[in-house]
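Worksheet: one structure, shown below.
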Amino acid sequence: MQAVIRGGVALMADYLLYATERYALPILQPLADALQRRGHGVAALLVRGAAGSALAGAVRPVDVRQAVALRPRAVFSAANDVPTFLAGAKVQLFHGFNVEKRSDARGHFRIRGMFDLYCTQGPATSGPFRELAARHRHFAVVETGWPKLDPLFAGPDPLADQLRAAAGGRPVVLFASTFTERLSAAPHIYESLAAEVAAGRRYWLLTLHPKCAPELFERYRGLAGPNARFIETEQLVSAQRAADVLLADTTSVVSEFVVQRKPVVTFRNRAPKPHMLDFDDPAALPAMLERAFAPSEQLRAAIAAYADDIHPYRDGRSSERVIEAVEDLLAGKLGKLARKPLAGWWRGVQLRKELGYWGPGAR
């Protein structure tokens, strides 16, 4: 275990977690917990939108120079990139499901030449990434499930219990919206949603992507009261456990929620599927909610099929499978990898500039 001195205190870490946005923290936290249960030291390099945040437990925050000095065995990234000048295997965990916001070439299946291992969430992503691995040969693929969803299925969740209690026996609806302006429901659905909150027949949990406009946050936070509560990004998994139905748009929260086999209502989804109840007129919201709370057998079957395709794991042990996959990679059990392409090297140079680090990379 490598020690780095910070403020006169030795920091010990076998593994490094890397995040560029706050929404990555709930992805990394279950993995950090699993690593610590195994006795490993864990450090976190949190930059860009994640700067100033923190992971719970004994996860040590480090800056980029300390991250280089740590020489971790592996770096786990819940972002599109990772600093290639750090030591250790570079592991992609993904920051969401493939919700078809962009073409495959620009979106979920884009290969940036920076990662040694892709830990895929389920068959829907494993197949395409294995085909890409066979073509490029500079990374391995292991289907592990997604660490973020471990808390959906593992152990008690006091916050989820608290949210259900606040509902006072009423059905619970979670509203979540993406920040992508052309896809976001938040600006369009507000009046209809506010009327539903005021009616009080159901209890609402409200959340927005951290990149949404400040004025949207102000409006939705203003709905909090006896019939609604605003949920921060770090509380989203608990909110998903507490809710019976999700109202959303093209956010990847749709897929996360469906993994629980619960109904979703989507507003102008970019690529609506049979497991969604999609609509495009805000005035239709009350009727769509009624359908969601009384799902047909056909809808239930579509939800189950989609859930099994994107994330068949319901044991809360995806983090453990990620760790085992990394150990197999480090032990050479996943085969010999080819050299990374120049595109990954160039992105590494760009990250050096962004992070303000021009010192030697770890060797």
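All residue names refer to the structure tokens as shown: chains lettered A, B, ... in order, residues numbered from 1 in each chain, ligands numbered from 1 in order.
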Problem - Phe179 of chain A surroundings by only C-alpha atoms, 8 Å radius, close-in-sequence under 2 positions cut, as JSON, numbers by chain - result: {"A": [177, 181, 183, 184, 208, 209, 210, 211, 212, 213]}
Handout entry: Exercise: His275 of chain A partners within 9 Å, only C-alpha atoms, chain neighbours under 4 positions left out, as a PyMOL selection string
Key = chain A and resi 258+263-264+298-306
Dump as a Markdown table the rows for residues of segment 223-253 of chain A within 12 Å of segment 215-219 of chain A: closest atom pair and distance in Å with one decimal, only C-alpha atoms counted, ordered by chain and rising residue number.
| residue | atom | partner | partner_atom | distance |
| --- | --- | --- | --- | --- |
| A:Leu223 | CA | A:Arg219 | CA | 7.0 |
| A:Ala224 | CA | A:Arg219 | CA | 9.7 |
| A:Phe230 | CA | A:Phe217 | CA | 9.4 |
| A:Ile231 | CA | A:Phe217 | CA | 10.8 |
| A:Glu232 | CA | A:Phe217 | CA | 10.6 |
Problem - Shell around Ala78 of chain A at 9 Å using only C-alpha atoms, local window under 5 positions removed, as a list in words - result: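 In the requested form, the answer reads Leu17, Tyr18, Ala19, Thr20, Glu21, Tyr23, Ala24, Leu25, Ile27, Leu28, Val91, Gln92, Leu93, Phe94, His95 and Gly96 of chain A.
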Practice task
Mind the document's chain letters and residue numbers, and return as a list in words the residues of segment 4-99 of chain A that DSSP labels alpha helix (DSSP H).
Solution key: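 DSSP-assigned alpha helix (DSSP H) residues in segment 4-99 of chain A: Leu25, Pro26, Ile27, Leu28, Gln29, Pro30, Leu31, Ala32, Asp33, Ala34, Leu35, Gln36, Arg37, Val64, Arg65, Gln66, Ala67, Val68, Ala69 and Leu70 of chain A.
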Would you mind exporting C-alpha atoms of the selected residues as a short mmCIF file (atom, residue, chain, number, x, y, z; two decimals), in the first residue's frame?
data_model
loop_
_atom_site.label_atom_id
_atom_site.label_comp_id
_atom_site.auth_asym_id
_atom_site.auth_seq_id
_atom_site.Cartn_x
_atom_site.Cartn_y
_atom_site.Cartn_z
CA LEU A 25 -20.57 9.98 -6.11
CA PRO A 26 -23.48 7.53 -5.67
CA ILE A 27 -21.82 5.33 -8.30
CA LEU A 28 -18.49 5.29 -6.51
CA GLN A 29 -19.70 5.08 -2.90
CA PRO A 30 -20.84 1.42 -2.96
CA LEU A 31 -17.53 0.46 -4.59
CA ALA A 32 -15.59 2.40 -1.96
CA ASP A 33 -17.52 0.59 0.76
CA ALA A 34 -16.82 -2.81 -0.81
CA LEU A 35 -13.11 -2.07 -1.17
CA GLN A 36 -12.88 -0.96 2.44
CA ARG A 37 -14.70 -4.07 3.63
CA VAL A 64 -3.80 15.41 -8.71
CA ARG A 65 -0.18 15.43 -7.52
CA GLN A 66 -1.01 13.21 -4.59
CA ALA A 67 -2.97 10.92 -6.91
CA VAL A 68 0.12 10.48 -9.09
CA ALA A 69 2.30 9.79 -6.05
CA LEU A 70 -0.11 7.19 -4.67
#
Practice task
Enumerate, as a list of chain:residue names, the complete set of residues in segment 206-355 of chain A that a backbone-based DSSP assignment places in strand (DSSP E).
Solution key: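 Result set for segment 206-355 of chain A (strand (DSSP E)): A:Leu206, A:Thr207, A:Leu208, A:Ala228, A:Arg229, A:Phe230, A:Val245, A:Leu246, A:Leu247, A:Ala248, A:Val264, A:Val265, A:Thr266, A:Phe267, A:Met276, A:Leu277, A:Asp278, A:Phe279.
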Could you write those residues out with C-alpha atoms, as a PDB file, in the first residue's frame?
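Printed below is result-v2.pdb as written:
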ATOM      1  CA  LEU A 206     -38.496  15.954  -6.839  1.00  0.00           C
ATOM      2  CA  THR A 207     -34.971  16.016  -8.227  1.00  0.00           C
ATOM      3  CA  LEU A 208     -33.091  17.631 -11.101  1.00  0.00           C
ATOM      4  CA  ALA A 228     -43.477  17.007  -1.754  1.00  0.00           C
ATOM      5  CA  ARG A 229     -39.797  16.959  -0.884  1.00  0.00           C
ATOM      6  CA  PHE A 230     -36.828  18.022  -2.983  1.00  0.00           C
ATOM      7  CA  VAL A 245     -43.722   5.339  -9.984  1.00  0.00           C
ATOM      8  CA  LEU A 246     -41.227   7.545 -11.818  1.00  0.00           C
ATOM      9  CA  LEU A 247     -42.050  10.589 -13.949  1.00  0.00           C
ATOM     10  CA  ALA A 248     -39.100  11.577 -16.144  1.00  0.00           C
ATOM     11  CA  VAL A 264     -42.166   4.810 -15.532  1.00  0.00           C
ATOM     12  CA  VAL A 265     -43.996   7.677 -17.210  1.00  0.00           C
ATOM     13  CA  THR A 266     -41.834   9.587 -19.698  1.00  0.00           C
ATOM     14  CA  PHE A 267     -42.389  13.006 -21.248  1.00  0.00           C
ATOM     15  CA  MET A 276     -42.372   3.313 -20.895  1.00  0.00           C
ATOM     16  CA  LEU A 277     -45.653   5.209 -20.776  1.00  0.00           C
ATOM     17  CA  ASP A 278     -44.628   8.089 -23.004  1.00  0.00           C
ATOM     18  CA  PHE A 279     -46.667  11.256 -23.650  1.00  0.00           C
TER      19      PHE A 279
END
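Surrounding segment 316-328 of chain A within 9 Å are Pro30, Leu31, Ala32, Asp33, Ala34, Leu35, Ala74, Ala89, Val91, Leu93, Leu117, Cys119, Gln121, Val141, Val142, Glu143, Thr144, Gly145, Trp146, Pro147, Lys148, Leu149, Asp150, Pro151, Leu152, Phe153, Ala154, Gly155 and Leu334 of chain A, with only C-alpha atoms counted and residues fewer than 6 positions along the same chain left out.
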Handout entry: For atom CA of Lys262 of chain A and atom CA of Ala243 of chain A, the interatomic separation in Å (one decimal)
Key =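 So the answer is 8.8 Å.
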Handout entry: Option closest in space to Phe115 of chain A, from A:Gly344, A:Gly356, A:Pro158, A:Arg22 [counting only C-alpha atoms]
Key = A:Gly344
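Coordinates place atom CA of His138 of chain A at a distance of 16.6 Å from atom CA of Pro83 of chain A.
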